[in-house]
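So this block is start_20.cif, mmCIF, C-alpha atoms and all ligand atoms:
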data_work
#
loop_
_atom_site.label_atom_id
_atom_site.label_comp_id
_atom_site.auth_asym_id
_atom_site.auth_seq_id
_atom_site.Cartn_x
_atom_site.Cartn_y
_atom_site.Cartn_z
CA MET A 14 -26.51 34.99 -23.92
CA SER A 15 -24.33 32.27 -22.41
CA LYS A 16 -23.73 29.13 -24.42
CA SER A 17 -25.07 25.77 -23.30
CA ILE A 18 -22.46 23.39 -21.91
CA VAL A 19 -22.61 19.61 -21.90
CA ILE A 20 -20.41 17.51 -19.64
CA LYS A 21 -20.16 14.26 -21.57
CA GLY A 22 -19.49 10.68 -20.70
CA GLY A 23 -18.94 10.79 -16.94
CA THR A 24 -20.44 8.93 -13.99
CA VAL A 25 -22.72 11.16 -11.98
CA ILE A 26 -22.51 10.56 -8.24
CA ASN A 27 -25.60 11.76 -6.39
CA PRO A 28 -26.82 11.11 -2.83
CA ASP A 29 -29.45 8.71 -4.21
CA GLY A 30 -27.12 6.75 -6.51
CA ASP A 31 -24.67 6.72 -9.40
CA ALA A 32 -25.49 6.84 -13.11
CA ARG A 33 -23.66 7.14 -16.42
CA ALA A 34 -25.09 10.38 -17.82
CA ASP A 35 -24.32 13.63 -19.59
CA VAL A 36 -25.17 16.90 -17.89
CA ARG A 37 -26.45 19.96 -19.75
CA ILE A 38 -26.02 23.41 -18.25
CA GLU A 39 -27.68 26.64 -19.33
CA ARG A 40 -27.67 30.07 -17.69
CA GLY A 41 -26.03 28.84 -14.50
CA GLN A 42 -28.35 25.90 -13.98
CA ILE A 43 -28.39 22.21 -14.70
CA VAL A 44 -31.18 21.72 -17.22
CA GLU A 45 -30.89 18.05 -18.20
CA VAL A 46 -29.20 14.88 -16.97
CA ALA A 47 -29.51 12.08 -19.53
CA THR A 48 -27.55 10.06 -22.06
CA SER A 49 -26.51 11.37 -25.48
CA LEU A 50 -26.94 15.09 -24.82
CA SER A 51 -25.37 17.78 -26.93
CA GLY A 52 -24.65 21.46 -26.37
CA GLU A 53 -22.71 24.35 -27.82
CA ILE A 54 -19.69 23.62 -25.63
CA GLN A 55 -18.73 20.01 -24.90
CA ILE A 56 -16.58 19.06 -21.93
CA ASP A 57 -15.20 15.54 -21.90
CA ALA A 58 -15.71 13.60 -18.69
CA SER A 59 -14.97 10.06 -19.84
CA GLY A 60 -13.53 7.98 -17.02
CA CYS A 61 -14.45 10.78 -14.61
CA VAL A 62 -16.82 11.35 -11.72
CA VAL A 63 -19.28 14.23 -12.11
CA THR A 64 -20.56 15.54 -8.81
CA SER A 65 -21.35 18.64 -6.82
CA GLY A 66 -18.49 21.10 -6.32
CA PHE A 67 -16.45 20.66 -3.15
CA VAL A 68 -17.00 22.87 -0.13
CA ASP A 69 -14.02 23.59 2.12
CA LEU A 70 -14.91 24.39 5.70
CA HIS A 71 -11.41 25.59 6.49
CA ALA A 72 -9.37 27.83 4.18
CA HIS A 73 -6.96 30.54 5.29
CA LEU A 74 -7.12 33.04 2.45
CA ARG A 75 -4.94 35.60 4.29
CA GLU A 76 -6.66 38.68 2.91
CA PRO A 77 -6.85 41.24 4.43
CA GLY A 78 -3.41 41.55 5.98
CA LYS A 79 -1.11 38.86 4.62
CA GLU A 80 -1.51 39.22 0.87
CA GLU A 81 2.11 38.24 0.50
CA ALA A 82 1.06 34.67 1.39
CA GLU A 83 -2.29 34.49 -0.43
CA THR A 84 -5.08 36.71 -1.67
CA ILE A 85 -8.73 35.88 -1.92
CA GLU A 86 -8.24 35.68 -5.66
CA THR A 87 -5.22 33.33 -5.62
CA GLY A 88 -6.80 31.20 -2.89
CA SER A 89 -10.03 31.03 -4.88
CA ARG A 90 -8.10 29.90 -7.96
CA ALA A 91 -6.31 27.25 -5.91
CA GLY A 92 -9.73 26.18 -4.66
CA ALA A 93 -11.20 25.95 -8.16
CA LEU A 94 -8.24 23.80 -9.26
CA GLY A 95 -8.96 21.54 -6.29
CA GLY A 96 -12.60 21.12 -7.37
CA TYR A 97 -14.06 23.58 -4.87
CA THR A 98 -16.96 25.89 -5.58
CA ALA A 99 -17.21 27.25 -2.03
CA LEU A 100 -14.60 28.08 0.60
CA VAL A 101 -15.19 29.07 4.20
CA ALA A 102 -12.62 31.82 4.85
CA MET A 103 -10.99 31.54 8.27
CA PRO A 104 -11.05 34.66 10.45
CA ASN A 105 -7.37 35.03 11.46
CA THR A 106 -6.81 37.85 9.03
CA ASP A 107 -5.46 41.29 9.87
CA PRO A 108 -7.76 42.96 10.76
CA PRO A 109 -9.59 39.84 11.90
CA GLN A 110 -13.10 38.93 10.75
CA ASP A 111 -14.82 40.28 13.83
CA SER A 112 -16.72 43.20 12.26
CA VAL A 113 -19.33 43.53 9.56
CA ALA A 114 -16.93 45.75 7.59
CA VAL A 115 -14.30 43.00 7.32
CA ILE A 116 -16.89 40.30 6.65
CA ASP A 117 -18.34 42.40 3.81
CA PHE A 118 -14.86 43.08 2.45
CA VAL A 119 -13.99 39.37 2.33
CA ARG A 120 -17.27 38.51 0.67
CA GLU A 121 -16.86 41.31 -1.88
CA GLN A 122 -13.32 40.27 -2.74
CA GLY A 123 -14.65 36.76 -3.23
CA LYS A 124 -17.30 38.04 -5.62
CA ARG A 125 -14.73 40.12 -7.45
CA ALA A 126 -12.52 37.06 -8.00
CA GLY A 127 -15.63 35.18 -9.11
CA LEU A 128 -14.06 31.71 -8.94
CA VAL A 129 -15.81 30.20 -5.90
CA ASP A 130 -18.27 31.37 -3.26
CA VAL A 131 -16.16 32.82 -0.47
CA ILE A 132 -18.06 32.37 2.78
CA PRO A 133 -16.55 34.43 5.59
CA SER A 134 -16.54 32.89 9.05
CA GLY A 135 -16.77 35.29 11.98
CA CYS A 136 -14.64 35.47 15.11
CA ILE A 137 -16.12 34.19 18.35
CA THR A 138 -14.16 36.77 20.36
CA LEU A 139 -12.93 40.25 19.48
CA ALA A 140 -9.60 40.07 17.65
CA ARG A 141 -9.57 36.33 18.56
CA LYS A 142 -8.11 37.34 21.88
CA GLY A 143 -10.44 35.13 23.89
CA GLU A 144 -11.47 37.98 26.19
CA THR A 145 -14.68 39.59 24.91
CA LEU A 146 -17.34 38.16 22.61
CA ALA A 147 -17.40 39.51 19.05
CA PRO A 148 -20.69 41.15 17.97
CA MET A 149 -22.15 37.78 17.06
CA ALA A 150 -25.72 39.02 16.52
CA GLU A 151 -24.57 41.74 14.14
CA LEU A 152 -22.34 39.31 12.28
CA ALA A 153 -25.13 36.75 12.08
CA LYS A 154 -27.39 39.45 10.65
CA ALA A 155 -24.69 40.09 8.04
CA GLY A 156 -25.00 36.43 7.03
CA VAL A 157 -22.28 34.71 9.10
CA ARG A 158 -23.26 31.13 9.92
CA LEU A 159 -19.98 29.74 11.28
CA PHE A 160 -18.05 31.37 14.10
CA THR A 161 -14.53 30.44 15.11
CA ASP A 162 -11.31 31.84 16.59
CA ASP A 163 -9.35 29.30 14.53
CA GLY A 164 -5.63 29.48 14.97
CA THR A 165 -6.42 29.46 18.69
CA GLY A 166 -9.11 27.84 20.80
CA VAL A 167 -11.35 29.80 23.15
CA GLN A 168 -9.61 29.08 26.45
CA ASP A 169 -12.11 30.61 28.87
CA ALA A 170 -14.85 28.04 29.52
CA SER A 171 -17.27 30.63 30.83
CA LEU A 172 -16.87 32.78 27.70
CA MET A 173 -17.31 29.69 25.54
CA ARG A 174 -20.46 28.80 27.40
CA ARG A 175 -21.82 32.31 26.78
CA ALA A 176 -20.84 32.14 23.10
CA LEU A 177 -22.73 28.85 22.80
CA GLU A 178 -25.80 30.38 24.45
CA TYR A 179 -25.76 33.23 21.93
CA ALA A 180 -25.11 30.79 19.09
CA ARG A 181 -28.13 28.76 20.05
CA GLY A 182 -30.34 31.86 20.08
CA LEU A 183 -28.99 33.02 16.75
CA GLY A 184 -29.16 29.59 15.11
CA VAL A 185 -25.47 29.64 14.15
CA THR A 186 -22.66 27.11 14.65
CA LEU A 187 -19.45 27.56 16.61
CA ALA A 188 -16.36 25.88 15.16
CA GLN A 189 -13.71 25.18 17.75
CA HIS A 190 -9.97 24.91 17.29
CA CYS A 191 -9.32 22.53 20.16
CA GLU A 192 -6.10 23.41 21.91
CA VAL A 193 -5.53 24.08 25.59
CA ALA A 194 -2.79 26.68 25.27
CA GLU A 195 -1.07 25.97 28.60
CA LEU A 196 -0.25 22.49 27.32
CA THR A 197 1.30 23.50 24.00
CA LYS A 198 3.63 26.36 24.91
CA GLY A 199 6.74 26.16 22.70
CA ALA A 200 5.62 22.81 21.25
CA VAL A 201 6.55 22.00 17.66
CA MET A 202 5.57 18.35 17.14
CA ASN A 203 3.47 15.55 18.56
CA GLU A 204 4.56 14.40 22.00
CA CYS A 205 5.95 10.94 21.34
CA GLN A 206 9.11 8.86 21.68
CA CYS A 207 10.38 10.32 18.43
CA CYS A 208 10.08 13.90 19.76
CA THR A 209 12.07 13.00 22.87
CA ASP A 210 14.78 11.44 20.69
CA LEU A 211 14.88 14.55 18.50
CA GLY A 212 15.02 16.84 21.52
CA LEU A 213 11.96 18.77 20.34
CA PRO A 214 9.26 20.12 22.68
CA GLY A 215 6.18 17.89 22.47
CA TRP A 216 2.55 18.81 21.74
CA PRO A 217 0.45 16.35 23.71
CA SER A 218 -2.80 14.83 22.40
CA ILE A 219 -4.47 15.76 25.67
CA ALA A 220 -4.17 19.47 24.73
CA GLU A 221 -6.75 18.78 22.03
CA GLU A 222 -8.81 16.19 23.85
CA LEU A 223 -9.40 18.27 26.99
CA MET A 224 -11.04 20.99 24.92
CA VAL A 225 -13.06 18.48 22.89
CA PHE A 226 -14.31 17.02 26.16
CA ARG A 227 -15.06 20.43 27.71
CA ASP A 228 -16.94 21.66 24.67
CA ILE A 229 -19.00 18.49 24.33
CA GLU A 230 -20.16 19.06 27.88
CA LEU A 231 -20.89 22.74 27.14
CA VAL A 232 -22.95 21.68 24.13
CA ARG A 233 -24.82 19.26 26.37
CA ILE A 234 -25.92 22.05 28.71
CA THR A 235 -26.53 24.75 26.08
CA GLY A 236 -27.99 22.74 23.18
CA ALA A 237 -26.02 24.87 20.69
CA SER A 238 -24.47 23.26 17.65
CA MET A 239 -20.73 22.84 17.50
CA HIS A 240 -18.26 21.85 14.82
CA PHE A 241 -14.81 20.55 15.75
CA LEU A 242 -12.03 21.71 13.44
CA HIS A 243 -9.07 19.57 12.35
CA LEU A 244 -9.35 16.72 14.87
CA SER A 245 -6.17 14.73 15.02
CA THR A 246 -6.19 12.13 17.81
CA ARG A 247 -7.75 8.76 18.55
CA ARG A 248 -9.31 9.91 21.79
CA SER A 249 -10.88 12.99 20.12
CA VAL A 250 -12.65 10.67 17.68
CA GLU A 251 -13.85 8.47 20.55
CA LEU A 252 -15.21 11.49 22.44
CA VAL A 253 -17.09 12.76 19.38
CA ARG A 254 -18.42 9.27 18.65
CA ALA A 255 -19.86 9.03 22.16
CA ALA A 256 -21.28 12.57 22.00
CA LYS A 257 -23.05 11.79 18.73
CA ARG A 258 -24.42 8.62 20.26
CA ASP A 259 -25.93 10.85 22.94
CA GLY A 260 -27.64 12.81 20.16
CA LEU A 261 -25.67 16.03 20.67
CA PRO A 262 -25.59 18.50 17.73
CA ILE A 263 -21.90 18.02 17.01
CA THR A 264 -20.00 17.68 13.74
CA ALA A 265 -16.29 17.19 13.11
CA GLU A 266 -13.69 17.45 10.38
CA VAL A 267 -10.23 16.05 9.72
CA THR A 268 -7.64 17.35 7.27
CA PRO A 269 -6.04 15.40 4.43
CA HIS A 270 -2.62 15.84 6.05
CA HIS A 271 -3.72 14.31 9.33
CA LEU A 272 -4.91 11.30 7.32
CA ALA A 273 -1.76 10.98 5.24
CA LEU A 274 1.30 12.17 7.14
CA THR A 275 2.84 11.09 10.44
CA GLU A 276 4.96 12.60 13.20
CA GLU A 277 8.21 10.89 12.08
CA LEU A 278 8.43 13.36 9.19
CA LEU A 279 9.53 16.00 11.72
CA SER A 280 12.80 14.14 12.13
CA SER A 281 13.87 16.06 9.01
CA TYR A 282 13.47 19.28 11.06
CA ASN A 283 11.72 20.62 7.95
CA PRO A 284 9.15 23.29 8.91
CA VAL A 285 6.94 22.33 5.97
CA TYR A 286 5.71 19.52 8.27
CA LYS A 287 4.97 21.87 11.16
CA VAL A 288 1.24 22.22 11.51
CA ASN A 289 -1.34 22.96 14.19
CA PRO A 290 -2.47 20.48 15.47
CA PRO A 291 0.73 18.55 14.80
CA LEU A 292 1.06 15.48 12.61
CA ARG A 293 0.30 12.52 14.86
CA SER A 294 0.96 8.78 14.91
CA ALA A 295 -0.04 5.96 12.57
CA ASP A 296 -2.43 4.79 15.29
CA ASP A 297 -4.16 8.18 15.28
CA ILE A 298 -4.52 7.94 11.50
CA ARG A 299 -6.19 4.55 11.89
CA ALA A 300 -8.65 6.07 14.37
CA LEU A 301 -9.41 9.09 12.14
CA THR A 302 -9.99 6.74 9.21
CA ALA A 303 -12.31 4.55 11.28
CA GLY A 304 -14.11 7.72 12.39
CA ILE A 305 -14.71 8.64 8.77
CA LEU A 306 -15.92 5.17 7.89
CA ASP A 307 -18.46 4.98 10.72
CA GLY A 308 -19.75 8.56 10.24
CA THR A 309 -18.21 10.05 13.39
CA ILE A 310 -16.24 12.44 11.19
CA ASP A 311 -18.47 14.45 8.87
CA ALA A 312 -16.05 16.33 6.66
CA ILE A 313 -12.58 16.52 5.22
CA ALA A 314 -11.42 20.15 5.34
CA THR A 315 -8.11 21.41 4.06
CA ASP A 316 -6.86 23.87 6.71
CA HIS A 317 -5.17 25.43 3.67
CA ALA A 318 -2.55 27.58 5.41
CA PRO A 319 -0.27 29.43 3.01
CA HIS A 320 2.90 30.99 4.39
CA PRO A 321 5.58 32.94 2.53
CA ARG A 322 8.79 31.05 1.84
CA ARG A 323 10.74 33.43 4.08
CA ASP A 324 8.57 32.46 7.09
CA LYS A 325 8.67 28.74 6.41
CA GLU A 326 12.44 28.82 6.00
CA MET A 327 12.92 29.76 9.63
CA SER A 328 13.95 27.16 12.20
CA LEU A 329 11.33 24.67 13.33
CA ASP A 330 10.62 26.54 16.56
CA MET A 331 10.19 29.92 14.82
CA ALA A 332 8.37 28.89 11.64
CA PRO A 333 4.57 29.33 11.63
CA PRO A 334 2.42 26.19 11.52
CA GLY A 335 0.46 25.30 8.42
CA MET A 336 0.61 23.78 4.95
CA LEU A 337 -1.18 24.25 1.64
CA GLY A 338 -4.17 22.03 1.00
CA LEU A 339 -6.67 23.22 -1.59
CA GLU A 340 -5.01 21.95 -4.76
CA THR A 341 -3.99 18.58 -3.35
CA ALA A 342 -6.87 17.58 -1.03
CA LEU A 343 -8.61 15.15 -3.37
CA GLY A 344 -5.37 13.56 -4.57
CA VAL A 345 -4.14 13.04 -1.00
CA VAL A 346 -7.43 11.59 0.23
CA LEU A 347 -7.87 9.18 -2.69
CA ALA A 348 -4.21 8.11 -2.48
CA GLN A 349 -5.04 6.79 1.01
CA GLY A 350 -7.19 4.16 -0.69
CA SER A 351 -9.44 3.83 2.37
CA PHE A 352 -12.64 5.42 1.13
CA GLU A 353 -15.34 4.82 -1.48
CA LEU A 354 -15.78 7.61 -4.00
CA ARG A 355 -19.26 8.48 -2.76
CA ASN A 356 -17.87 8.63 0.76
CA VAL A 357 -15.30 11.17 -0.40
CA VAL A 358 -17.96 13.27 -2.15
CA ALA A 359 -20.06 13.24 1.03
CA LEU A 360 -17.05 14.35 3.10
CA MET A 361 -15.90 17.04 0.68
CA SER A 362 -19.20 18.38 -0.67
CA TRP A 363 -22.56 17.23 0.73
CA ASN A 364 -21.74 17.29 4.44
CA PRO A 365 -19.61 20.44 4.55
CA ALA A 366 -22.30 22.31 2.56
CA ARG A 367 -24.71 21.43 5.36
CA ILE A 368 -22.29 22.44 8.12
CA ALA A 369 -21.51 25.75 6.37
CA GLY A 370 -25.24 26.43 5.94
CA VAL A 371 -25.06 26.74 2.15
CA THR A 372 -27.28 23.86 1.05
CA LYS A 373 -29.37 26.07 -1.22
CA THR A 374 -26.44 26.46 -3.63
CA HIS A 375 -23.79 23.85 -2.80
CA GLY A 376 -23.66 20.13 -2.16
CA ARG A 377 -26.80 19.76 -4.28
CA PRO A 378 -27.64 16.75 -6.42
CA ILE A 379 -26.70 16.86 -10.09
CA ALA A 380 -30.27 17.24 -11.33
CA PRO A 381 -32.39 19.57 -13.50
CA GLY A 382 -33.16 22.88 -11.82
CA GLU A 383 -30.12 22.75 -9.54
CA PRO A 384 -27.36 25.39 -9.58
CA ALA A 385 -24.45 24.31 -11.75
CA ASN A 386 -21.70 24.11 -9.11
CA ILE A 387 -19.93 20.99 -10.30
CA CYS A 388 -16.66 19.13 -9.92
CA VAL A 389 -15.44 16.61 -12.51
CA PHE A 390 -12.53 14.47 -11.40
CA ASP A 391 -10.56 11.51 -12.65
CA PRO A 392 -10.44 9.18 -9.63
CA ASP A 393 -7.52 7.09 -10.85
CA LEU A 394 -5.09 9.56 -12.35
CA ARG A 395 -1.70 9.48 -10.63
CA TRP A 396 0.13 12.78 -10.46
CA ASN A 397 2.91 14.65 -8.73
CA VAL A 398 2.83 18.14 -7.32
CA ASP A 399 4.99 20.77 -8.96
CA PRO A 400 5.27 23.52 -6.31
CA GLU A 401 6.30 26.04 -8.97
CA ARG A 402 3.01 25.53 -10.79
CA LEU A 403 0.58 25.91 -7.93
CA ALA A 404 -2.00 28.68 -8.19
CA SER A 405 -1.48 29.53 -4.55
CA LYS A 406 0.87 32.43 -3.87
CA SER A 407 2.79 30.26 -1.41
CA MET A 408 4.66 27.01 -1.90
CA ASN A 409 4.53 25.32 1.49
CA THR A 410 3.24 21.97 0.29
CA PRO A 411 4.59 18.80 1.89
CA TYR A 412 3.57 16.61 -1.04
CA VAL A 413 6.46 17.16 -3.41
CA GLY A 414 7.68 13.69 -4.36
CA HIS A 415 4.43 12.01 -3.26
CA SER A 416 2.35 10.15 -5.77
CA LEU A 417 -1.19 11.51 -5.48
CA ARG A 418 -4.19 9.69 -6.90
CA GLY A 419 -7.24 11.37 -8.36
CA ARG A 420 -7.17 14.75 -9.99
CA VAL A 421 -9.73 17.42 -10.66
CA ARG A 422 -10.24 17.82 -14.37
CA HIS A 423 -12.98 20.44 -14.62
CA THR A 424 -14.75 22.73 -12.17
CA ILE A 425 -17.93 24.63 -13.00
CA PHE A 426 -18.99 27.52 -10.79
CA LYS A 427 -22.45 29.03 -11.30
CA GLY A 428 -22.58 27.52 -14.76
CA THR A 429 -19.19 28.87 -15.90
CA PRO A 430 -16.09 26.67 -16.17
CA THR A 431 -13.40 27.92 -13.78
CA VAL A 432 -11.13 24.95 -14.60
CA ILE A 433 -11.02 22.96 -17.82
CA ASP A 434 -8.62 20.05 -18.27
CA GLY A 435 -6.77 21.06 -15.14
CA GLN A 436 -6.22 24.63 -16.33
CA ALA A 437 -7.66 27.64 -14.52
CA GLN A 438 -9.79 29.65 -16.92
CA LYS A 439 -9.09 33.08 -15.41
O1 LIG B 501 -1.53 24.81 10.92
C1 LIG B 501 -2.31 25.71 11.11
N1 LIG B 501 -2.17 26.90 10.47
N2 LIG B 501 -3.30 25.53 11.98
C2 LIG B 501 -4.09 26.55 12.37
O2 LIG B 501 -4.96 26.34 13.17
C3 LIG B 501 -3.86 27.92 11.83
C4 LIG B 501 -3.19 27.87 10.53
C5 LIG B 501 -2.68 29.21 10.05
O3 LIG B 501 -3.41 30.21 10.13
O4 LIG B 501 -1.56 29.26 9.55
#

Would you put the structure from the file into structure tokens?
Ligand code: DOR
Amino acid sequence: MSKSIVIKGGTVINPDGDARADVRIERGQIVEVATSLSGEIQIDASGCVVTSGFVDLHAHLREPGKEEAETIETGSRAGALGGYTALVAMPNTDPPQDSVAVIDFVREQGKRAGLVDVIPSGCITLARKGETLAPMAELAKAGVRLFTDDGTGVQDASLMRRALEYARGLGVTLAQHCEVAELTKGAVMNECQCCTDLGLPGWPSIAEELMVFRDIELVRITGASMHFLHLSTRRSVELVRAAKRDGLPITAEVTPHHLALTEELLSSYNPVYKVNPPLRSADDIRALTAGILDGTIDAIATDHAPHPRRDKEMSLDMAPPGMLGLETALGVVLAQGSFELRNVVALMSWNPARIAGVTKTHGRPIAPGEPANICVFDPDLRWNVDPERLASKSMNTPYVGHSLRGRVRHTIFKGTPTVIDGQAQK
């Protein structure tokens, strides 16, 4: 029989308010939330926030196919260290997540690792080629709730319209990577004065915004629900704000790196800063932040994109886009200093749980009878990233030398600690 655990001395943040309370867990469930509790195992949470485990809508776990960069197990461990209890696995694996066999494999590997719930997303189109729809009904029957070709956007508007019609019938959500490919050929960084000075091919904001605009209009005529991945520009936020005002079933995410890092970093020609969409301007960051504060943006998602050192050491034009995110997300977001703690919990747990369709088990209040998927973090702790000590198999983090604020101390998944005092438990 499992021992009872008490998380002691923290501040519980719940949707209906905050309270100083201990939390007792037994057999995978929260059984009591009150002061002065005791249990067989005590976990100290003094000075910490106790809240529901984070849910990442956007993690590239690379398995199957690129286990050299990450496996489901190493990605899950990185997630647990970042306070996550659920990760949506992106579909650009090899083979891609466009069949029930691959979806089942990803889910099973997640269960085998046993550190977070791994929620496979499904491709919108076969092999993410943008030509033929994936077997969405079959995948939905196998439990897929979020469909995306992430890594590329669906270019063909007619195919996207059809995908949305199916999605509406199936009651699933399409998550779009907004990028009009004709506008980004060979591009490595945001199109700006700085990119002209550096002689680097520019990635214009309009490449994102045109697809945001197109898909908002497709949602308007189909009524299907749509989630926008990693939005990065001012105008994208404005378009989503207006679409929400019209009552359209649209949600949107931003990444920590698009909130924290700007285009000028590319002047180092260091591929660690190459990401898709590219790092943008300080003005874009202000707009993304305002979008979070007024509820236009629903979630912060990592776009955790591990790449082997060999790949990221290529020249800027050859290196693949992407950076690590799971272990640093909270510290990067809190270091921005723009958001209230409950705001951050909403963006990293409550809202993404809803978008991923996992509200029965994640993003729940800390209350008796609820599943014990819990994150305990110190909101003020300053820390630095040591790339050698990351749980991820890759090291492509841009935050070396940055002072991050707020660190996950403990993570509990299904009643079992996966992280205690910042240390992974298995
Ligand atoms: O930077 C990125 N990397 N953006 C994406 O959309 C894909 C991802 C990857 O798979 O590496």

Compile a residue-level contact table for chain A against ligand LIG 501 (chain B) at a cut-off of 7 Å, reporting for every qualifying residue the shortest atom pair and its distance in Å to one decimal, with only C-alpha atoms and all ligand atoms counted, rows ordered by chain and ascending number, as a Markdown table.
| residue | atom | partner | partner_atom | distance |
| --- | --- | --- | --- | --- |
| A:His73 | CA | B:LIG501 | O3 | 6.0 |
| A:Asn105 | CA | B:LIG501 | O3 | 6.4 |
| A:Asp163 | CA | B:LIG501 | O2 | 5.5 |
| A:Gly164 | CA | B:LIG501 | O2 | 3.7 |
| A:Thr165 | CA | B:LIG501 | O2 | 6.5 |
| A:His190 | CA | B:LIG501 | O2 | 6.6 |
| A:Val288 | CA | B:LIG501 | O1 | 3.8 |
| A:Asn289 | CA | B:LIG501 | O1 | 3.8 |
| A:Pro290 | CA | B:LIG501 | N2 | 6.2 |
| A:Asp316 | CA | B:LIG501 | N2 | 6.6 |
| A:Ala318 | CA | B:LIG501 | O4 | 4.6 |
| A:Pro319 | CA | B:LIG501 | O4 | 6.7 |
| A:Pro333 | CA | B:LIG501 | O4 | 6.5 |
| A:Pro334 | CA | B:LIG501 | O1 | 4.2 |
| A:Gly335 | CA | B:LIG501 | O1 | 3.2 |
| A:Met336 | CA | B:LIG501 | O1 | 6.4 |

Mind running segment 57-114 of chain A against segment 259-273 of chain A at 12 Å and telling me each contacting residue's nearest atom pair with the distance in Å (one decimal), counting all atoms listed in the file, chain and number ascending, as JSON lines?
{"residue": "A:Asp69", "atom": "CA", "partner": "A:Glu266", "partner_atom": "CA", "distance": 10.3}
{"residue": "A:Leu70", "atom": "CA", "partner": "A:Glu266", "partner_atom": "CA", "distance": 8.5}
{"residue": "A:His71", "atom": "CA", "partner": "A:Thr268", "partner_atom": "CA", "distance": 9.1}
{"residue": "A:Ala72", "atom": "CA", "partner": "A:Thr268", "partner_atom": "CA", "distance": 11.1}

Store the residues picked out above, limited to C-alpha atoms, as a short mmCIF file (atom, residue, chain, number, x, y, z; two decimals), in the coordinates of the input.
data_model
loop_
_atom_site.label_atom_id
_atom_site.label_comp_id
_atom_site.auth_asym_id
_atom_site.auth_seq_id
_atom_site.Cartn_x
_atom_site.Cartn_y
_atom_site.Cartn_z
CA ASP A 69 -14.02 23.59 2.12
CA LEU A 70 -14.91 24.39 5.70
CA HIS A 71 -11.41 25.59 6.49
CA ALA A 72 -9.37 27.83 4.18
#

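Atom CA of Arg33 of chain A is found 18.8 Å from atom CA of Gly419 of chain A.
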
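For the choices A:Gly308, A:Pro381, A:Pro217, A:Gly370, the atom-to-atom distance to Arg258 of chain A is smallest for A:Gly308 when using only C-alpha atoms.
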
(message) Set the distance at 9 Å and use all atoms listed in the file: which residues neighbour segment 352-360 of chain A once local chain neighbours fewer than 2 positions away are removed? I'd like the list as a PyMOL selection string.
(response) chain A and resi 26-28+30-31+62+64-67+266+302+305-306+310-314+343+346-347+349-350+362-365+376+392

(message) For Cys205 of chain A, find every residue with an atom within 10 Å (counting all atoms listed in the file), except residues of its own chain fewer than 4 positions away, and show them as an MDAnalysis selection string.
(response) chainID A and resid 209:210 213:218 276:277 293:294

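Using only C-alpha atoms, the contacts of Glu251 of chain A at a cut-off of 9 Å, with sequence neighbours closer than 3 positions omitted, comprise Thr246, Arg247, Arg248, Arg254, Ala255, Ala256, Ala300, Gly304 and Thr309 of chain A.
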
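The closest residue to Val46 of chain A, picked from A:Ser59, A:Thr98, A:Thr24, A:Thr84 and counting only C-alpha atoms, is A:Thr24.
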
Using all atoms of segment 113-128 of chain A listed in the file and a margin of 6 Å per side, can you give the axis-aligned box centre and edge lengths in Å to one decimal, as AutoDock Vina command-line options?
--center_x -15.9 --center_y 38.7 --center_z 0.2 --size_x 18.8 --size_y 26.0 --size_z 30.7

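Atom pair atom CA of Phe160 of chain A / atom CA of Asp111 of chain A has a distance of 9.5 Å (rounded to one decimal).
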
Can you tell me, as a compact mmCIF listing (two decimals) with C-alpha atoms, keeping the file's coordinate frame, what residues are no more than 10 Å from Glu178 of chain A when counting only C-alpha atoms, ignoring any on the same chain fewer than 4 positions away?
# COMPACT_ATOMS: atom_id res chain seq x y z
CA LEU A 172 -16.87 32.78 27.70
CA MET A 173 -17.31 29.69 25.54
CA ARG A 174 -20.46 28.80 27.40
CA GLY A 182 -30.34 31.86 20.08
CA LEU A 183 -28.99 33.02 16.75
CA GLY A 184 -29.16 29.59 15.11
CA LEU A 231 -20.89 22.74 27.14
CA VAL A 232 -22.95 21.68 24.13
CA ILE A 234 -25.92 22.05 28.71
CA THR A 235 -26.53 24.75 26.08
CA GLY A 236 -27.99 22.74 23.18
CA ALA A 237 -26.02 24.87 20.69
CA SER A 238 -24.47 23.26 17.65

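Among the candidates A:Met202, A:Ile54, A:Cys136, A:Val193, the residue lying nearest to Asp169 of chain A is A:Val193 (atoms considered: only C-alpha atoms).
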